[in-house]
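Here's the structure, in structure tokens; my notes come after.
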Amino acid sequence: PYIVRQCVEEIERRGMEEVGIYRVSGVATDIQALKAAFDINNKDVSITMSEMDVNAIAGTLKLYFRELPEPLFTDELYPNFAEGIVLSDPVAKESCMLNLLLSLPEPNLV
């Protein structure tokens, strides 16, 4: 989705050196303003983002994922992801995660 691509690109451009980029909250009014800009398909959203603190952009991305009607990692597969992520063997972990990702519904892979 456009919102994900734009937010990730801006975070990668400006936020990779930020400590706790996805833990530190952005200003709520900035997050809501950016969400509103995406909601109305504002063509100047990249200008809006360039003027915002990168934590607000990360907060907007997190808000998008929280508001999805269905989780990206389906309720059915979530326990398997939780089990796979704690595997100590890196090869087994990678294989498990890859198999789980490939078993997600098509819309969740895009």
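By order of appearance in the structure tokens: chains A, B, ..., then residues from 1 within every chain, and ligands from 1 in the order shown.
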
Near Ala82 (chain A), counting only C-alpha atoms, which residues have an atom at most 12 Å away, once you skip same-chain residues fewer than 4 positions from it, shown as a list in words?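 These residues fall inside the cut-off: Phe73, Thr74, Asp75, Glu76, Leu77, Tyr78, Val86, Leu87, Lys93, Cys96, Met97 and Leu100 of chain A.
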
For the residues selected in the previous step, produce a file with C-alpha atoms as a PDB file, in the first residue's frame.
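Output contents, as saved in result29.pdb:
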```pdb
ATOM      1  CA  PHE A  73       0.041 -12.464  10.615  1.00  0.00           C
ATOM      2  CA  THR A  74      -3.323 -14.207  10.756  1.00  0.00           C
ATOM      3  CA  ASP A  75      -4.823 -15.283  14.060  1.00  0.00           C
ATOM      4  CA  GLU A  76      -4.553 -18.854  12.823  1.00  0.00           C
ATOM      5  CA  LEU A  77      -0.807 -18.637  12.091  1.00  0.00           C
ATOM      6  CA  TYR A  78       0.249 -16.277  14.880  1.00  0.00           C
ATOM      7  CA  VAL A  86      12.264 -18.423  19.418  1.00  0.00           C
ATOM      8  CA  LEU A  87      13.989 -21.311  17.636  1.00  0.00           C
ATOM      9  CA  LYS A  93      14.265 -20.468  12.284  1.00  0.00           C
ATOM     10  CA  CYS A  96      10.160 -22.004   9.645  1.00  0.00           C
ATOM     11  CA  MET A  97       9.606 -18.280   9.052  1.00  0.00           C
ATOM     12  CA  LEU A 100       4.946 -19.523   7.493  1.00  0.00           C
TER      13      LEU A 100
END
```

Might you pull out every residue within 10 Å of Ala37 (chain A), with only C-alpha atoms counted and same-chain residues fewer than 5 positions away left off, and present them as a list in words? Ile3, Ile31, Gln32, Asn42, Lys43, Asp44, Val45, Ser46, Thr48 and Met49 of chain A

For Ile57 (chain A), please output as a PDB file with N, CA and C atoms, in the first residue's frame all residues within 12 Å (counting only C-alpha atoms; exclusion window: fewer than 5 positions along the same chain).
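Contents of around-v3.pdb, as written:
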```
ATOM      1  N   ILE A   3       0.668   4.089   1.627  1.00  0.00           N
ATOM      2  CA  ILE A   3       1.046   4.633   2.931  1.00  0.00           C
ATOM      3  C   ILE A   3       2.253   3.895   3.503  1.00  0.00           C
ATOM      4  N   VAL A   4       2.275   2.596   3.357  1.00  0.00           N
ATOM      5  CA  VAL A   4       3.395   1.804   3.885  1.00  0.00           C
ATOM      6  C   VAL A   4       4.675   2.149   3.136  1.00  0.00           C
ATOM      7  N   ARG A   5       4.599   2.172   1.823  1.00  0.00           N
ATOM      8  CA  ARG A   5       5.780   2.469   1.004  1.00  0.00           C
ATOM      9  C   ARG A   5       6.337   3.858   1.326  1.00  0.00           C
ATOM     10  N   GLN A   6       5.465   4.858   1.388  1.00  0.00           N
ATOM     11  CA  GLN A   6       5.915   6.227   1.648  1.00  0.00           C
ATOM     12  C   GLN A   6       6.533   6.360   3.038  1.00  0.00           C
ATOM     13  N   CYS A   7       5.869   5.795   4.035  1.00  0.00           N
ATOM     14  CA  CYS A   7       6.385   5.892   5.407  1.00  0.00           C
ATOM     15  C   CYS A   7       7.720   5.165   5.546  1.00  0.00           C
ATOM     16  N   VAL A   8       7.807   3.964   5.021  1.00  0.00           N
ATOM     17  CA  VAL A   8       9.048   3.191   5.129  1.00  0.00           C
ATOM     18  C   VAL A   8      10.189   3.907   4.409  1.00  0.00           C
ATOM     19  N   GLU A   9       9.926   4.441   3.231  1.00  0.00           N
ATOM     20  CA  GLU A   9      10.979   5.152   2.498  1.00  0.00           C
ATOM     21  C   GLU A   9      11.477   6.361   3.283  1.00  0.00           C
ATOM     22  N   GLU A  10      10.560   7.109   3.883  1.00  0.00           N
ATOM     23  CA  GLU A  10      10.961   8.295   4.648  1.00  0.00           C
ATOM     24  C   GLU A  10      11.706   7.895   5.919  1.00  0.00           C
ATOM     25  N   ILE A  11      11.253   6.848   6.574  1.00  0.00           N
ATOM     26  CA  ILE A  11      11.938   6.369   7.781  1.00  0.00           C
ATOM     27  C   ILE A  11      13.337   5.878   7.423  1.00  0.00           C
ATOM     28  N   GLU A  12      13.468   5.159   6.329  1.00  0.00           N
ATOM     29  CA  GLU A  12      14.790   4.689   5.908  1.00  0.00           C
ATOM     30  C   GLU A  12      15.693   5.857   5.519  1.00  0.00           C
ATOM     31  N   ARG A  13      15.110   6.886   4.956  1.00  0.00           N
ATOM     32  CA  ARG A  13      15.894   8.049   4.534  1.00  0.00           C
ATOM     33  C   ARG A  13      16.380   8.876   5.725  1.00  0.00           C
ATOM     34  N   ARG A  14      15.510   9.062   6.727  1.00  0.00           N
ATOM     35  CA  ARG A  14      15.855   9.979   7.815  1.00  0.00           C
ATOM     36  C   ARG A  14      15.945   9.362   9.198  1.00  0.00           C
ATOM     37  N   GLY A  15      15.424   8.158   9.362  1.00  0.00           N
ATOM     38  CA  GLY A  15      15.272   7.670  10.723  1.00  0.00           C
ATOM     39  C   GLY A  15      16.119   6.498  11.146  1.00  0.00           C
ATOM     40  N   ILE A  21      13.275   4.105  17.094  1.00  0.00           N
ATOM     41  CA  ILE A  21      12.400   4.711  16.086  1.00  0.00           C
ATOM     42  C   ILE A  21      10.966   4.197  16.159  1.00  0.00           C
ATOM     43  N   TYR A  22      10.766   2.936  16.461  1.00  0.00           N
ATOM     44  CA  TYR A  22       9.403   2.404  16.532  1.00  0.00           C
ATOM     45  C   TYR A  22       8.895   2.307  17.968  1.00  0.00           C
ATOM     46  N   VAL A  24       9.617   5.111  20.360  1.00  0.00           N
ATOM     47  CA  VAL A  24       9.357   6.483  20.794  1.00  0.00           C
ATOM     48  C   VAL A  24       8.146   7.014  20.036  1.00  0.00           C
ATOM     49  N   SER A  25       7.180   7.498  20.783  1.00  0.00           N
ATOM     50  CA  SER A  25       5.948   7.995  20.155  1.00  0.00           C
ATOM     51  C   SER A  25       6.171   9.347  19.491  1.00  0.00           C
ATOM     52  N   GLY A  26       5.506   9.513  18.376  1.00  0.00           N
ATOM     53  CA  GLY A  26       5.463  10.821  17.744  1.00  0.00           C
ATOM     54  C   GLY A  26       4.338  11.638  18.365  1.00  0.00           C
ATOM     55  N   VAL A  27       4.255  12.900  18.015  1.00  0.00           N
ATOM     56  CA  VAL A  27       3.189  13.771  18.512  1.00  0.00           C
ATOM     57  C   VAL A  27       1.863  13.313  17.898  1.00  0.00           C
ATOM     58  N   ALA A  28       0.875  13.083  18.756  1.00  0.00           N
ATOM     59  CA  ALA A  28      -0.410  12.524  18.312  1.00  0.00           C
ATOM     60  C   ALA A  28      -1.072  13.379  17.236  1.00  0.00           C
ATOM     61  N   THR A  29      -0.990  14.691  17.360  1.00  0.00           N
ATOM     62  CA  THR A  29      -1.625  15.551  16.355  1.00  0.00           C
ATOM     63  C   THR A  29      -0.919  15.427  15.000  1.00  0.00           C
ATOM     64  N   ASP A  30       0.399  15.239  15.019  1.00  0.00           N
ATOM     65  CA  ASP A  30       1.134  15.034  13.763  1.00  0.00           C
ATOM     66  C   ASP A  30       0.750  13.708  13.121  1.00  0.00           C
ATOM     67  N   ILE A  31       0.623  12.672  13.939  1.00  0.00           N
ATOM     68  CA  ILE A  31       0.237  11.354  13.433  1.00  0.00           C
ATOM     69  C   ILE A  31      -1.146  11.430  12.797  1.00  0.00           C
ATOM     70  N   GLN A  32      -2.082  12.072  13.475  1.00  0.00           N
ATOM     71  CA  GLN A  32      -3.442  12.193  12.936  1.00  0.00           C
ATOM     72  C   GLN A  32      -3.464  13.038  11.664  1.00  0.00           C
ATOM     73  N   ALA A  33      -2.652  14.093  11.623  1.00  0.00           N
ATOM     74  CA  ALA A  33      -2.601  14.941  10.425  1.00  0.00           C
ATOM     75  C   ALA A  33      -2.041  14.169   9.233  1.00  0.00           C
ATOM     76  N   LEU A  34      -1.004  13.378   9.471  1.00  0.00           N
ATOM     77  CA  LEU A  34      -0.426  12.594   8.381  1.00  0.00           C
ATOM     78  C   LEU A  34      -1.388  11.508   7.926  1.00  0.00           C
ATOM     79  N   LYS A  35      -2.056  10.867   8.868  1.00  0.00           N
ATOM     80  CA  LYS A  35      -3.061   9.856   8.521  1.00  0.00           C
ATOM     81  C   LYS A  35      -4.161  10.485   7.670  1.00  0.00           C
ATOM     82  N   ALA A  37      -3.914  13.097   5.760  1.00  0.00           N
ATOM     83  CA  ALA A  37      -3.362  13.406   4.434  1.00  0.00           C
ATOM     84  C   ALA A  37      -3.370  12.163   3.548  1.00  0.00           C
ATOM     85  N   PHE A  38      -3.018  11.017   4.113  1.00  0.00           N
ATOM     86  CA  PHE A  38      -3.070   9.771   3.342  1.00  0.00           C
ATOM     87  C   PHE A  38      -4.514   9.387   3.032  1.00  0.00           C
ATOM     88  N   VAL A  45       1.657  14.679   0.208  1.00  0.00           N
ATOM     89  CA  VAL A  45       1.952  13.986   1.457  1.00  0.00           C
ATOM     90  C   VAL A  45       3.455  13.875   1.693  1.00  0.00           C
ATOM     91  N   SER A  46       4.260  13.775   0.640  1.00  0.00           N
ATOM     92  CA  SER A  46       5.712  13.685   0.827  1.00  0.00           C
ATOM     93  C   SER A  46       6.272  14.992   1.381  1.00  0.00           C
ATOM     94  N   THR A  48       4.498  17.026   3.328  1.00  0.00           N
ATOM     95  CA  THR A  48       4.042  16.989   4.715  1.00  0.00           C
ATOM     96  C   THR A  48       4.981  16.128   5.547  1.00  0.00           C
ATOM     97  N   MET A  49       5.356  14.961   5.031  1.00  0.00           N
ATOM     98  CA  MET A  49       6.238  14.059   5.773  1.00  0.00           C
ATOM     99  C   MET A  49       7.619  14.666   5.971  1.00  0.00           C
ATOM    100  N   SER A  50       8.125  15.364   4.981  1.00  0.00           N
ATOM    101  CA  SER A  50       9.471  15.926   5.097  1.00  0.00           C
ATOM    102  C   SER A  50       9.547  16.986   6.192  1.00  0.00           C
ATOM    103  N   GLU A  51       8.404  17.551   6.559  1.00  0.00           N
ATOM    104  CA  GLU A  51       8.360  18.574   7.602  1.00  0.00           C
ATOM    105  C   GLU A  51       8.093  17.988   8.983  1.00  0.00           C
ATOM    106  N   MET A  52       7.815  16.694   9.060  1.00  0.00           N
ATOM    107  CA  MET A  52       7.444  16.064  10.325  1.00  0.00           C
ATOM    108  C   MET A  52       8.610  15.332  10.953  1.00  0.00           C
ATOM    109  N   LYS A  62       2.656   2.593  12.312  1.00  0.00           N
ATOM    110  CA  LYS A  62       2.148   1.668  13.336  1.00  0.00           C
ATOM    111  C   LYS A  62       0.630   1.762  13.445  1.00  0.00           C
ATOM    112  N   LEU A  63       0.096   2.974  13.367  1.00  0.00           N
ATOM    113  CA  LEU A  63      -1.354   3.163  13.426  1.00  0.00           C
ATOM    114  C   LEU A  63      -2.035   2.461  12.258  1.00  0.00           C
ATOM    115  N   TYR A  64      -1.460   2.558  11.080  1.00  0.00           N
ATOM    116  CA  TYR A  64      -2.020   1.884   9.909  1.00  0.00           C
ATOM    117  C   TYR A  64      -2.142   0.380  10.168  1.00  0.00           C
TER     118      TYR A  64
END
```

What gap, in Å, lies between CA of Leu109 (chain A) and CA of Pro71 (chain A)?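 Separating CA of Leu109 (chain A) from CA of Pro71 (chain A) is a distance of 11.9 Å.
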
All alpha helix (DSSP H) positions in chain A, as a PyMOL selection string: chain A and resi 2-14+28-39+45-50+54-66+78-85+90-102+106-109

Find, counting only C-alpha atoms, the residue in A:Tyr2, A:Ser95, A:Glu18, A:Asn80 that gets nearest to Asn41 (chain A).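 Ranking A:Tyr2, A:Ser95, A:Glu18, A:Asn80 by distance to Asn41 (chain A), first place goes to A:Tyr2.
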